[in-house]
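Participant: Quick one: the structure is below, questions incoming.
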Amino acid sequence: MADRRNHGYAVAMASIAFIGLGVMGRAIARHLLRAGHDVTVYNRTASKAEAWVEAHGGRAAPTAAAAAEGADAVFTCVGADPDLEAVTLRADGCFRTMKPGAVFVDHTTASARIARQLAVEGKDRGLLVVDAPVSGGQAGAEEGRLSIMCGGSAKAVAAATPLMQAYSARIVHVGGAGAGQQTKMVNQICIAGTMQAIAEGLRFAQAAELDLEKVFEAVSAGAASSWYFVNRWKSMAAEEFDEGFAVDWMRKDLGLALEEARANGATLPSAALIDQFYAEVQAMGGGRQDLSALVRRIRR
C-alpha cells in the first residue's frame, strides 16, 4: 500500500494517453500534466478534448488508438463496460496500438468480468494491466486525493503507482485482476447502506420535531458518524441534491455488485432492496440528482 499526498516525490516524465474526460477524468488528466508528463487526450465528444487542451495544454487525438500510439502509459476513465470495450478492444481501441511493456490503468467503475478480460488481452500483447477504480468523488479528483483500489499483478501495480501518486492520497493493491473492481463494489454496497440509514435517521428526527442542528452536533461526534453524515445531512434536510455522484450511476454500480454476487454466491439483501429504492427515486425524476436523494422516497 502507498499512502502519500501528491507531492514530494520524483517521477520520470512519461508519455501518457488519457481516454475519457468526464468529471473525474479531466481532473485526473490535469494532475498528470501538472506532474510533468506528456499527456495526449481522447474523448468521444471531441469538443471536450479540444476544450481540455485549450485550458491545460497537451494534445488531443482523434481516436483512442491514435492517443495510445507510442505511449508509456494509457489511462481510461469512461462510463461503463461497453464504453470501456469500445476504447480498448475495438478497431479504434488503444490495445491495437499500445507498445509491449506499456502500462494500462483503468479508472472506470466497471465489472470484474471485463477487468479480467482486459488483463488476459493485455498479457497477450505484453501490457501491464491494472483495474483501478477510485473513491473520493469529484472533490477528491479535483484536489488530487483519491483512494485507488488496484487489481492486477504486483509488477503492473508497481509500474502504475508512481504515475497514480500525482492524484491520490492512498493506493492499495488488493489482489489479482478484477479485485480492484470487486473492492469498489464493496465500497458502493457500504455507501448504499449508509445513505439509507442517514435518510431514515433524518426523517425520524424531522418527525420527532427535533432541532436538526443539535442532532447533527450530537451524532456527528459519535460512532454513528460517517463522511456522508457529515457532508450530506444538512443538504438532505434542505432537500438539495446537487452535491455530486448521481443516482443513475449508483444504480449502475449496485447492478454490478448484484451481478457479481450472483456469480460468487454472496447474499446482498440490503443492497438489492436499496437498489430498488433508488429505482423509485429515478421514477420520481431524480436520476441525475446526487445519491442522497434517496431520502425523497421517505415521506416527511
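Going by the C-alpha cells order, chains are called A, B, ..., each with residues numbered from 1, while ligands are numbered from 1 in the order shown.
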Could you tell me, as a tab-separated table (two decimals) with all heavy atoms, in the first residue's frame, which residues of range 145-285 of chain A DSSP assigns to strand (DSSP E) when given the backbone?

Facilitator:
chain	number	residue	atom	x	y	z
A	146	LEU	N	-7.58	11.11	-4.27
A	146	LEU	CA	-8.40	9.93	-4.48
A	146	LEU	C	-7.83	8.72	-3.75
A	146	LEU	O	-6.62	8.61	-3.53
A	146	LEU	CB	-8.50	9.62	-5.98
A	146	LEU	CG	-9.30	10.63	-6.81
A	146	LEU	CD1	-9.11	10.34	-8.29
A	146	LEU	CD2	-10.78	10.59	-6.43
A	147	SER	N	-8.71	7.81	-3.40
A	147	SER	CA	-8.32	6.50	-2.91
A	147	SER	C	-8.47	5.52	-4.07
A	147	SER	O	-9.53	5.46	-4.69
A	147	SER	CB	-9.19	6.07	-1.74
A	147	SER	OG	-8.86	4.77	-1.31
A	148	ILE	N	-7.41	4.77	-4.37
A	148	ILE	CA	-7.40	3.91	-5.55
A	148	ILE	C	-7.24	2.46	-5.11
A	148	ILE	O	-6.33	2.12	-4.34
A	148	ILE	CB	-6.26	4.29	-6.51
A	148	ILE	CG1	-6.29	5.80	-6.82
A	148	ILE	CG2	-6.35	3.49	-7.80
A	148	ILE	CD1	-5.16	6.28	-7.70
A	149	MET	N	-8.15	1.60	-5.58
A	149	MET	CA	-8.12	0.18	-5.24
A	149	MET	C	-7.72	-0.60	-6.48
A	149	MET	O	-8.40	-0.56	-7.51
A	149	MET	CB	-9.47	-0.26	-4.68
A	149	MET	CG	-10.69	0.28	-5.40
A	149	MET	SD	-12.14	0.59	-4.34
A	149	MET	CE	-11.87	2.31	-3.87
A	150	CYS	N	-6.58	-1.27	-6.42
A	150	CYS	CA	-5.96	-1.81	-7.62
A	150	CYS	C	-6.01	-3.34	-7.68
A	150	CYS	O	-5.69	-4.02	-6.71
A	150	CYS	CB	-4.49	-1.40	-7.69
A	150	CYS	SG	-4.23	0.38	-7.71
A	151	GLY	N	-6.36	-3.86	-8.85
A	151	GLY	CA	-6.26	-5.27	-9.15
A	151	GLY	C	-5.27	-5.48	-10.28
A	151	GLY	O	-5.22	-4.69	-11.22
A	168	SER	N	-3.50	10.98	-5.99
A	168	SER	CA	-4.07	10.08	-4.98
A	168	SER	C	-3.58	10.40	-3.58
A	168	SER	O	-2.50	10.95	-3.38
A	168	SER	CB	-3.72	8.64	-5.32
A	168	SER	OG	-2.31	8.45	-5.25
A	169	ALA	N	-4.40	10.03	-2.60
A	169	ALA	CA	-4.00	10.05	-1.20
A	169	ALA	C	-3.65	8.65	-0.73
A	169	ALA	O	-2.89	8.48	0.22
A	169	ALA	CB	-5.11	10.63	-0.33
A	170	ARG	N	-4.24	7.64	-1.38
A	170	ARG	CA	-3.98	6.25	-0.98
A	170	ARG	C	-4.10	5.34	-2.19
A	170	ARG	O	-5.03	5.48	-3.00
A	170	ARG	CB	-4.97	5.83	0.09
A	170	ARG	CG	-4.85	4.37	0.50
A	170	ARG	CD	-5.62	4.06	1.75
A	170	ARG	NE	-5.03	4.74	2.90
A	170	ARG	CZ	-5.47	4.59	4.15
A	170	ARG	NH1	-6.51	3.83	4.40
A	170	ARG	NH2	-4.88	5.23	5.15
A	171	ILE	N	-3.16	4.43	-2.31
A	171	ILE	CA	-3.16	3.42	-3.36
A	171	ILE	C	-3.01	2.06	-2.68
A	171	ILE	O	-2.03	1.84	-1.95
A	171	ILE	CB	-2.00	3.63	-4.36
A	171	ILE	CG1	-2.08	5.02	-5.01
A	171	ILE	CG2	-2.00	2.55	-5.43
A	171	ILE	CD1	-0.82	5.43	-5.75
A	172	VAL	N	-3.96	1.17	-2.91
A	172	VAL	CA	-3.91	-0.15	-2.27
A	172	VAL	C	-4.00	-1.23	-3.34
A	172	VAL	O	-4.95	-1.25	-4.13
A	172	VAL	CB	-5.06	-0.33	-1.25
A	172	VAL	CG1	-4.93	-1.69	-0.56
A	172	VAL	CG2	-5.06	0.78	-0.22
A	173	HIS	N	-3.02	-2.13	-3.35
A	173	HIS	CA	-3.07	-3.30	-4.24
A	173	HIS	C	-3.85	-4.38	-3.50
A	173	HIS	O	-3.35	-4.99	-2.56
A	173	HIS	CB	-1.66	-3.76	-4.56
A	173	HIS	CG	-1.61	-4.90	-5.53
A	173	HIS	ND1	-0.48	-5.65	-5.76
A	173	HIS	CD2	-2.58	-5.44	-6.34
A	173	HIS	CE1	-0.73	-6.58	-6.65
A	173	HIS	NE2	-1.99	-6.48	-7.02
A	174	VAL	N	-5.08	-4.65	-3.95
A	174	VAL	CA	-5.96	-5.55	-3.21
A	174	VAL	C	-5.92	-6.99	-3.70
A	174	VAL	O	-6.41	-7.89	-3.01
A	174	VAL	CB	-7.42	-5.03	-3.20
A	174	VAL	CG1	-7.51	-3.75	-2.41
A	174	VAL	CG2	-7.94	-4.83	-4.61
A	175	GLY	N	-5.37	-7.24	-4.89
A	175	GLY	CA	-5.33	-8.61	-5.39
A	175	GLY	C	-5.13	-8.67	-6.88
A	175	GLY	O	-4.69	-7.69	-7.50

Participant: Would you pick out the contacts of range 278-294 of chain A at 7 Å or less, using only C-alpha atoms, so that residues sharing its chain but fewer than 6 positions from it are not included, and give the list as a list in words?

Facilitator: Met195, Gln196, Ala199, Arg232, Met236, Phe241, Asp242, Glu243, Gly244, Phe245, Ala246, Val247, Asp248, Met250 and Arg251 of chain A

Participant: Just to be explicit: take each residue in the selection above, keep C-alpha atoms, and write the result as a CSV table (one decimal), in the first residue's frame.

Facilitator:
chain,number,residue,atom,x,y,z
A,195,MET,CA,-27.1,6.5,2.9
A,196,GLN,CA,-30.3,4.6,3.6
A,199,ALA,CA,-32.2,9.1,5.2
A,232,ARG,CA,-24.8,15.4,3.3
A,236,MET,CA,-30.6,16.4,2.6
A,241,PHE,CA,-29.5,17.1,-4.1
A,242,ASP,CA,-26.9,18.6,-6.5
A,243,GLU,CA,-23.8,17.7,-4.5
A,244,GLY,CA,-22.1,15.0,-6.6
A,245,PHE,CA,-22.4,11.3,-7.6
A,246,ALA,CA,-25.7,10.7,-9.4
A,247,VAL,CA,-28.4,8.2,-8.6
A,248,ASP,CA,-28.2,6.8,-12.2
A,250,MET,CA,-25.2,4.5,-8.2
A,251,ARG,CA,-27.8,2.2,-9.8

Participant: From the list A:Leu163, A:Ala221, A:Ala197, A:Ala115, which residue is nearest Ala12 in chain A when using only C-alpha atoms?

Facilitator: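 Smallest distance to Ala12 in chain A is found for A:Leu163.
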
Participant: For Gly36 in chain A, find every residue with an atom within 12 Å (counting only C-alpha atoms), except residues of its own chain fewer than 3 positions away, and show them as a list of chain:residue names.

Facilitator: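 My list of contacting residues is A:Ala10, A:Val11, A:Ala12, A:Met13, A:Ala14, A:Ser15, A:Ile16, A:Ala29, A:Arg30, A:His31, A:Leu32, A:Leu33, A:Val39, A:Gly57, A:Gly58, A:Leu163, A:Ala166.
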
Participant: Please identify which residues in range 55-265 of chain A DSSP calls alpha helix (DSSP H) from the backbone, and express them as a PyMOL selection string.

Facilitator: chain A and resi 55-56+64-68+81-88+112-124+137-143+154-164+179-207+212-219+227-237+247-264

Participant: When distances are computed from only C-alpha atoms, which of A:Glu209, A:Glu85, A:Glu217, A:Glu259 shows the smallest separation from Met185 in chain A?

Facilitator: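 Answer, going by the shortest atom-to-atom distance: A:Glu259.
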
Participant: Mind checking which residues fall within 9 Å of Ser153 in chain A, counting only C-alpha atoms, ignoring those fewer than 6 positions away in the same chain, and posting them as number ranges by chain?

Facilitator: A: 128-130, 173, 175-177

Participant: When distances are computed from only C-alpha atoms, which of A:Ala86, A:Gly193, A:Lys252, A:Ile114 shows the smallest separation from Ile274 in chain A?

Facilitator: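 Smallest distance to Ile274 in chain A is found for A:Gly193.
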
Participant: For Arg203 in chain A, work out the shell of residues within 6 Å, counting only C-alpha atoms and skipping chain neighbours fewer than 3 positions away, then give it as a PyMOL selection string.

Facilitator: chain A and resi 200+206+300

Participant: Now that the selection is made, can you save its residues with C-alpha atoms as a CSV table (one decimal), in the first residue's frame?

Facilitator:
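Output below, filename result_39.csv:
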chain,number,residue,atom,x,y,z
A,200,GLU,CA,-34.2,7.1,7.8
A,206,GLN,CA,-38.0,15.5,11.5
A,300,ARG,CA,-41.7,13.7,5.8

Participant: Write out as a list in words the residues lying within 7 Å of Ala271 in chain A, counting only C-alpha atoms and excluding same-chain residues fewer than 4 positions away.

Facilitator: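 With the cut-off at 7 Å, the set is Ile189, Ala192, Gly193 and Asp275 of chain A.
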
Participant: Could you tell me which of A:Thr97, A:Ala112, A:Phe229, A:Leu212 comes closest to Leu258 in chain A if we count only C-alpha atoms?

Facilitator: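 The shortest atom-to-atom distance to Leu258 in chain A comes from A:Ala112.
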
Participant: Could you jot down the CA of Thr45 in chain A to CA of Ala257 in chain A separation for me, Å, one decimal place?

Facilitator: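 Going from CA of Thr45 in chain A over to CA of Ala257 in chain A, I get 28.9 Å.
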
Participant: One number please: CA of Pro62 in chain A to CA of Val120 in chain A, in Å, one decimal.

Facilitator: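 Between CA of Pro62 in chain A and CA of Val120 in chain A the gap is 26.6 Å.
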
Participant: Quick one: distance from CA of Ala46 in chain A to CA of Arg145 in chain A in Å, one decimal?

Facilitator: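 About the pair CA of Ala46 in chain A and CA of Arg145 in chain A: they are 27.6 Å apart.
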
Participant: Considering only C-alpha atoms, can you say which of A:Gln138, A:Thr63, A:Ser225, A:Gln165 comes closest to Ile198 in chain A?

Facilitator: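 Smallest distance to Ile198 in chain A is found for A:Ser225.
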